[in-house]
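S.K.: Below is one structure. I have some questions about it.
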Amino acid sequence: MTEMFTMLLGLFERAALLIIFLFFLSRIPRFRQILQKGKLRWQEYIAVTLLFCGFAIFGTYTGINVEGSLVNVRIIAIMSGGILFGAPVGIITGIVSGVHRYLIDMDGVTAIPCLITSILAGLVSGYIHKYTPKSKRWMIGIAAGMICEALTMLLILLYSYPDPLGADIVSKIALPMILGEVNIGLIVLLVQSVEGEKEMIAARQAKLALEIANKTLPYFRSIDEDSLRKICRIIQEDIQADAVAITDTRNVLAYVGFGEERYHIGNEIISEMTKKTISSGEITISNDVIDEKTPDIHSLLIIPLKERGEVTGALKIYYRKAYKITYPLQTMAVGLSQIISTQMEVSRVEEIKAAANKAELRALQTTIHPHFLFNALNAIASSIRTKPDRARELIVNLSGYMRYNLELSDELIDIHKELEQVRNYVEIEKARFGSRLNVIYDIDEVAVHIPSLVIQPLVENAIIHGILKVKGPGTVRIRVQDYPDFVRIGVSDTGAGIGADIIERVYHDRMPVNQIGLYNVHRRVKLIYGQGLTITRLEQGTDILFDVPKGDVVTR
């Protein structure tokens with residue numbers, strides 16, 4: 001019993017050497033990166049396979065000799081490699097170490113059994129890696145290792161029969177060899193603990209990506225050469241890169257950092273790696289490369305930028321030292337590229353929306369001109385002979401009205417300028433409809449800026465769709481009321497009253513695209529102030545209002 005305990009202790013000592021060696025390897029960044037990767041490249045598979053083959057052969061050479069047999073950690077190394085890295089590592093390690101064990105003791109009674117179970121251990125470890133949950137691999141690995149060692153003992157008995165030597169060897173080494181497989185669990189847990197750090201790394205890198213995104217967000221509101229340079233500069237400083245660049249699918253849009261003087265914005269992309277990334281949509285990582293234009297660059301990470309699934313450019317990160325593209329950096333850069341892609345897409349949407357607003361404003365102008373001009377000229381013509389002074393006033397009103405429309409822009413204007421336009425419009429309409437139209441101005445003295453053409457369409461709506469829809473005279477009240485934090489602008493009438501279905505369609509964006517009156521004002525006000533029109537059907541007529549916050553308002 002004492003001899004068995006000594007052998008078991010010796011076995012654990014040799015396994016401890018493997019564990020200690022793996023621990024120190026896990027502190028080396030490049031090897032740590034291999035342990036934390038989900039999928040290895042073929043070069044990394046070769047490196048890991050050679051490592052565990054070395055462990056297994058080392059285990060054979062350092063085995064405890066018992067009557068020609070060796071109490072060793074070979075099966076532990078084979079099972080650990082296969083469980084951690086898959087069938088290729090386990091099977092190759094099993095074959096190499098098994099053949100080695102056979103060749104150093106070809107005539108021994110344990111040579112053939114050790115060869116068979118070494119190969120079998122590689123196959124079993126690959127199966128465990130592929131088909132068992134990660135959390136249970138260490139336990140199943142221990143059990144599988146013990147079964148393999150028990151099978152080795154059985155094969156030794158069968159192969160050596162009737163020679164009593166085999167039975168004598170088995171009686172001495174069986175228990176230490178089987179119990180020693182506990183070390184498989186320790187090795188698997190050690191490596192998995194390093195792999196488990198990926199989640200913490202991902203969380204830290206996600207936090208860094210969000211911090212960078214927060215810093216760069218203001219520059220995405222208007223994307224141009226200057227804003228992209230500032231975005232690259234922020235990324236470069238926060239991740240301590242030597243250079244950062246952003247491209248579209250053809251040209252370099254921004255480049256900051258080392259080698260900056262060699263790049264000119266707008267130059268065509270000449271890097272084959274960048275072209276490959278853009279065409280394939282796959283990340284390119286090179287830890288030992290000479291860049292065509294910057295020969296001092298040795299580490300390069302190129303990540304495609306995508307909008308709606310289509311590659312629209314690339315984010316490039318450069319380092320002058322080799323092997324700087326670590327797993328944490330890749331994790332952060334991928335998250336950052338997704339955020340940048342989203343922000344660039346949102347920025348383009350905002351640009352399109354702004355262009356659409358300008359187009360709608362111009363459409364509103366062209367819609368008003370033919371619709372309104374004919375009736376205004378008729379009103380002036382009918383007044384020329386009987387009321388020439390009134391006709392002259394109306395010509396001035398029409399002139400002011402037309403000039404205002406010709407000068408329309410998407411910028412905010414002083415409210416008094418808008419009210420002057422409303423008065424010009426009202427005077428022309430009063431000339432047309434006479435006593436049927438009464439307009440009351442309830443205007444406080446305020447100093448705010450509002451979008452152009454937001455009050456006049458409401459007044460027009462009140463007259464055309466309110467007052468003129470009923471018999472007899474009607475009143476339109478135009479209100480500008482001063483409150484402590486905002487100015488309330490409203491237009492009410494005593495006309496027919498708006499239908500509930502129209503209010504519903506305005507609020508839920510279901511108005512036909514060719515109706516750009518009330519709905520147009522609602523959308524523009526909502527876009528700028530965050531809250532659209534408040535539309536209320538009165539007992540007699542309609543009331544429409546919106547609030548303008550005091551202070552600075554960001555136009556969009």
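Each chain in the structure tokens gets a letter, A, B, ..., in the order shown, and its residues are numbered from 1; ligands are numbered from 1 in order too.
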Using backbone DSSP assignments, extract all strand (DSSP E or B) residues from segment 481-532 of chain A; output them as a ChimeraX atom specification.
M.R.: /A:481-482,486-493
S.K.: Excluding Leu11 of chain A and residues on its chain fewer than 6 positions from it, collect all residues at most 7 Å away from it, counting only C-alpha atoms, and give them as number ranges by chain.
M.R.: A: 72-73, 180
S.K.: Among segment 205-320 of chain A, which ones does DSSP assign to helix (DSSP H, G or I) (computed from the backbone)? Answer as an MDAnalysis selection string.
M.R.: chainID A and resid 205:220 225:239 260:262 272:280
S.K.: Would you mind exporting N, CA and C atoms of the selected residues as a tab-separated table (two decimals), in the first residue's frame?
M.R.:
```
chain	number	residue	atom	x	y	z
A	205	GLN	N	-14.14	45.76	-22.78
A	205	GLN	CA	-13.96	46.32	-24.10
A	205	GLN	C	-15.25	46.94	-24.63
A	206	ALA	N	-16.38	46.36	-24.27
A	206	ALA	CA	-17.66	46.96	-24.66
A	206	ALA	C	-17.83	48.32	-23.99
A	207	LYS	N	-17.40	48.41	-22.73
A	207	LYS	CA	-17.46	49.70	-22.02
A	207	LYS	C	-16.57	50.73	-22.72
A	208	LEU	N	-15.36	50.29	-23.12
A	208	LEU	CA	-14.46	51.20	-23.82
A	208	LEU	C	-15.06	51.64	-25.16
A	209	ALA	N	-15.66	50.69	-25.88
A	209	ALA	CA	-16.28	51.03	-27.17
A	209	ALA	C	-17.41	52.04	-26.98
A	210	LEU	N	-18.20	51.86	-25.93
A	210	LEU	CA	-19.30	52.80	-25.67
A	210	LEU	C	-18.77	54.18	-25.28
A	211	GLU	N	-17.67	54.20	-24.51
A	211	GLU	CA	-17.08	55.49	-24.15
A	211	GLU	C	-16.58	56.23	-25.39
A	212	ILE	N	-15.94	55.48	-26.29
A	212	ILE	CA	-15.47	56.10	-27.54
A	212	ILE	C	-16.65	56.58	-28.36
A	213	ALA	N	-17.70	55.75	-28.42
A	213	ALA	CA	-18.89	56.13	-29.18
A	213	ALA	C	-19.51	57.40	-28.62
A	214	ASN	N	-19.52	57.51	-27.29
A	214	ASN	CA	-20.09	58.70	-26.66
A	214	ASN	C	-19.28	59.96	-27.01
A	215	LYS	N	-17.95	59.81	-27.06
A	215	LYS	CA	-17.09	60.95	-27.39
A	215	LYS	C	-17.24	61.36	-28.86
A	216	THR	N	-17.44	60.35	-29.73
A	216	THR	CA	-17.49	60.65	-31.17
A	216	THR	C	-18.87	61.02	-31.65
A	217	LEU	N	-19.90	60.76	-30.85
A	217	LEU	CA	-21.28	60.98	-31.29
A	217	LEU	C	-21.54	62.38	-31.85
A	218	PRO	N	-21.05	63.47	-31.20
A	218	PRO	CA	-21.34	64.80	-31.75
A	218	PRO	C	-20.82	65.00	-33.17
A	219	TYR	N	-19.77	64.27	-33.54
A	219	TYR	CA	-19.16	64.48	-34.86
A	219	TYR	C	-19.89	63.72	-35.96
A	220	PHE	N	-20.84	62.86	-35.58
A	220	PHE	CA	-21.61	62.14	-36.59
A	220	PHE	C	-22.84	62.92	-37.05
A	225	GLU	N	-14.93	65.70	-43.85
A	225	GLU	CA	-13.52	65.37	-43.66
A	225	GLU	C	-13.05	65.72	-42.25
A	226	ASP	N	-13.43	66.88	-41.75
A	226	ASP	CA	-12.98	67.34	-40.44
A	226	ASP	C	-13.55	66.46	-39.32
A	227	SER	N	-14.84	66.15	-39.40
A	227	SER	CA	-15.47	65.34	-38.35
A	227	SER	C	-14.90	63.92	-38.33
A	228	LEU	N	-14.63	63.34	-39.50
A	228	LEU	CA	-14.06	62.00	-39.55
A	228	LEU	C	-12.64	61.98	-39.00
A	229	ARG	N	-11.87	63.03	-39.23
A	229	ARG	CA	-10.53	63.12	-38.65
A	229	ARG	C	-10.61	63.16	-37.12
A	230	LYS	N	-11.55	63.92	-36.59
A	230	LYS	CA	-11.70	64.00	-35.14
A	230	LYS	C	-12.13	62.65	-34.56
A	231	ILE	N	-12.99	61.95	-35.28
A	231	ILE	CA	-13.41	60.61	-34.84
A	231	ILE	C	-12.21	59.67	-34.80
A	232	CYS	N	-11.40	59.69	-35.85
A	232	CYS	CA	-10.20	58.85	-35.89
A	232	CYS	C	-9.23	59.21	-34.77
A	233	ARG	N	-9.09	60.51	-34.50
A	233	ARG	CA	-8.18	60.96	-33.45
A	233	ARG	C	-8.62	60.45	-32.08
A	234	ILE	N	-9.91	60.50	-31.81
A	234	ILE	CA	-10.44	60.01	-30.53
A	234	ILE	C	-10.18	58.51	-30.39
A	235	ILE	N	-10.45	57.75	-31.44
A	235	ILE	CA	-10.22	56.31	-31.40
A	235	ILE	C	-8.74	56.01	-31.18
A	236	GLN	N	-7.89	56.71	-31.90
A	236	GLN	CA	-6.44	56.49	-31.78
A	236	GLN	C	-5.95	56.73	-30.36
A	237	GLU	N	-6.39	57.81	-29.75
A	237	GLU	CA	-5.93	58.14	-28.41
A	237	GLU	C	-6.47	57.17	-27.37
A	238	ASP	N	-7.73	56.75	-27.51
A	238	ASP	CA	-8.35	55.90	-26.50
A	238	ASP	C	-7.83	54.46	-26.53
A	239	ILE	N	-7.46	53.96	-27.71
A	239	ILE	CA	-6.95	52.58	-27.78
A	239	ILE	C	-5.43	52.56	-27.93
A	260	GLU	N	0.84	59.81	-41.31
A	260	GLU	CA	-0.25	60.65	-41.78
A	260	GLU	C	0.15	61.50	-42.98
A	261	GLU	N	1.40	61.96	-42.99
A	261	GLU	CA	1.84	62.84	-44.07
A	261	GLU	C	1.86	62.14	-45.43
A	262	ARG	N	1.82	60.80	-45.42
A	262	ARG	CA	1.88	60.06	-46.68
A	262	ARG	C	0.50	59.82	-47.28
A	272	GLU	N	-4.17	46.10	-50.69
A	272	GLU	CA	-4.90	44.90	-51.13
A	272	GLU	C	-5.69	44.29	-49.98
A	273	MET	N	-5.16	44.40	-48.74
A	273	MET	CA	-5.87	43.85	-47.59
A	273	MET	C	-7.17	44.61	-47.35
A	274	THR	N	-7.13	45.93	-47.53
A	274	THR	CA	-8.35	46.72	-47.37
A	274	THR	C	-9.37	46.36	-48.45
A	275	LYS	N	-8.91	46.24	-49.68
A	275	LYS	CA	-9.81	45.85	-50.77
A	275	LYS	C	-10.43	44.49	-50.50
A	276	LYS	N	-9.62	43.57	-49.97
A	276	LYS	CA	-10.12	42.23	-49.67
A	276	LYS	C	-11.19	42.28	-48.57
A	277	THR	N	-10.94	43.10	-47.54
A	277	THR	CA	-11.92	43.24	-46.45
A	277	THR	C	-13.23	43.80	-46.97
A	278	ILE	N	-13.15	44.81	-47.81
A	278	ILE	CA	-14.36	45.45	-48.33
A	278	ILE	C	-15.12	44.51	-49.25
A	279	SER	N	-14.42	43.75	-50.08
A	279	SER	CA	-15.09	42.84	-51.01
A	279	SER	C	-15.68	41.62	-50.31
A	280	SER	N	-14.99	41.13	-49.27
A	280	SER	CA	-15.46	39.92	-48.58
A	280	SER	C	-16.38	40.21	-47.41
```
S.K.: For a quick check of understanding, using only C-alpha atoms, which of A:Ser222, A:Ser193, A:Thr110, A:Ser69 has the smallest distance to Tyr159 of chain A?
M.R.: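 Answer, going by the shortest atom-to-atom distance: A:Thr110.
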S.K.: At a cut-off of 8 Å, using only C-alpha atoms, what residues contact Val525 of chain A? Leave out same-chain residues fewer than 4 positions from it and give the result as a list of chain:residue names.
M.R.: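 Surrounding residues, per the criterion: A:Pro451, A:Val454, A:Val521, A:Tyr529, A:Gly530, A:Gln531, A:Gly532, A:Leu533, A:Phe546.
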S.K.: Measuring between only C-alpha atoms, which one of A:Ser347, A:Thr386, A:Asn424, A:Ser80 shows the shortest distance to Ile142 of chain A?
M.R.: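 Smallest separation from Ile142 of chain A among the options: A:Ser80.
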S.K.: Residues near Lys324 of chain A, anyone? I mean within 12 Å using only C-alpha atoms, not counting same-chain ones fewer than 5 positions away, as a PyMOL selection string.
M.R.: chain A and resi 29-30+33+239-242+285-289+297-301+317-319+329-330
S.K.: Neighbours of Gly54 of chain A within 10 Å (only C-alpha atoms; same-chain residues fewer than 6 positions away dropped), as a compact mmCIF listing (two decimals) with N, CA, C and O atoms, in the first residue's frame?
M.R.:
```
# COMPACT_ATOMS: atom_id res chain seq x y z
N VAL A 48 -0.60 24.13 -30.73
CA VAL A 48 -1.21 23.47 -29.57
C VAL A 48 -0.97 21.96 -29.62
O VAL A 48 -0.68 21.32 -28.60
N THR A 60 5.86 10.22 -20.69
CA THR A 60 6.42 8.88 -20.86
C THR A 60 7.84 8.80 -20.33
O THR A 60 8.21 7.89 -19.60
N ARG A 74 0.85 10.22 -19.56
CA ARG A 74 0.62 10.33 -21.00
C ARG A 74 -0.87 10.46 -21.32
O ARG A 74 -1.29 11.34 -22.08
N ALA A 77 -2.26 13.90 -20.57
CA ALA A 77 -1.94 14.92 -21.57
C ALA A 77 -2.80 14.75 -22.82
O ALA A 77 -3.30 15.74 -23.39
N THR A 93 -2.14 13.80 -30.94
CA THR A 93 -1.34 13.60 -29.72
C THR A 93 -1.36 12.13 -29.31
O THR A 93 -0.32 11.57 -28.91
N VAL A 96 0.85 10.08 -31.91
CA VAL A 96 2.29 10.36 -31.77
C VAL A 96 2.85 9.79 -30.47
O VAL A 96 3.88 9.09 -30.46
N SER A 97 2.17 10.07 -29.37
CA SER A 97 2.69 9.60 -28.08
C SER A 97 2.54 8.08 -27.93
O SER A 97 3.37 7.43 -27.29
```
S.K.: Can you tell me which residues surround segment 171-176 of chain A at a distance of at most 8 Å, considering only C-alpha atoms, apart from same-chain residues fewer than 5 positions away, and format the answer as a count of residues only?
M.R.: 10
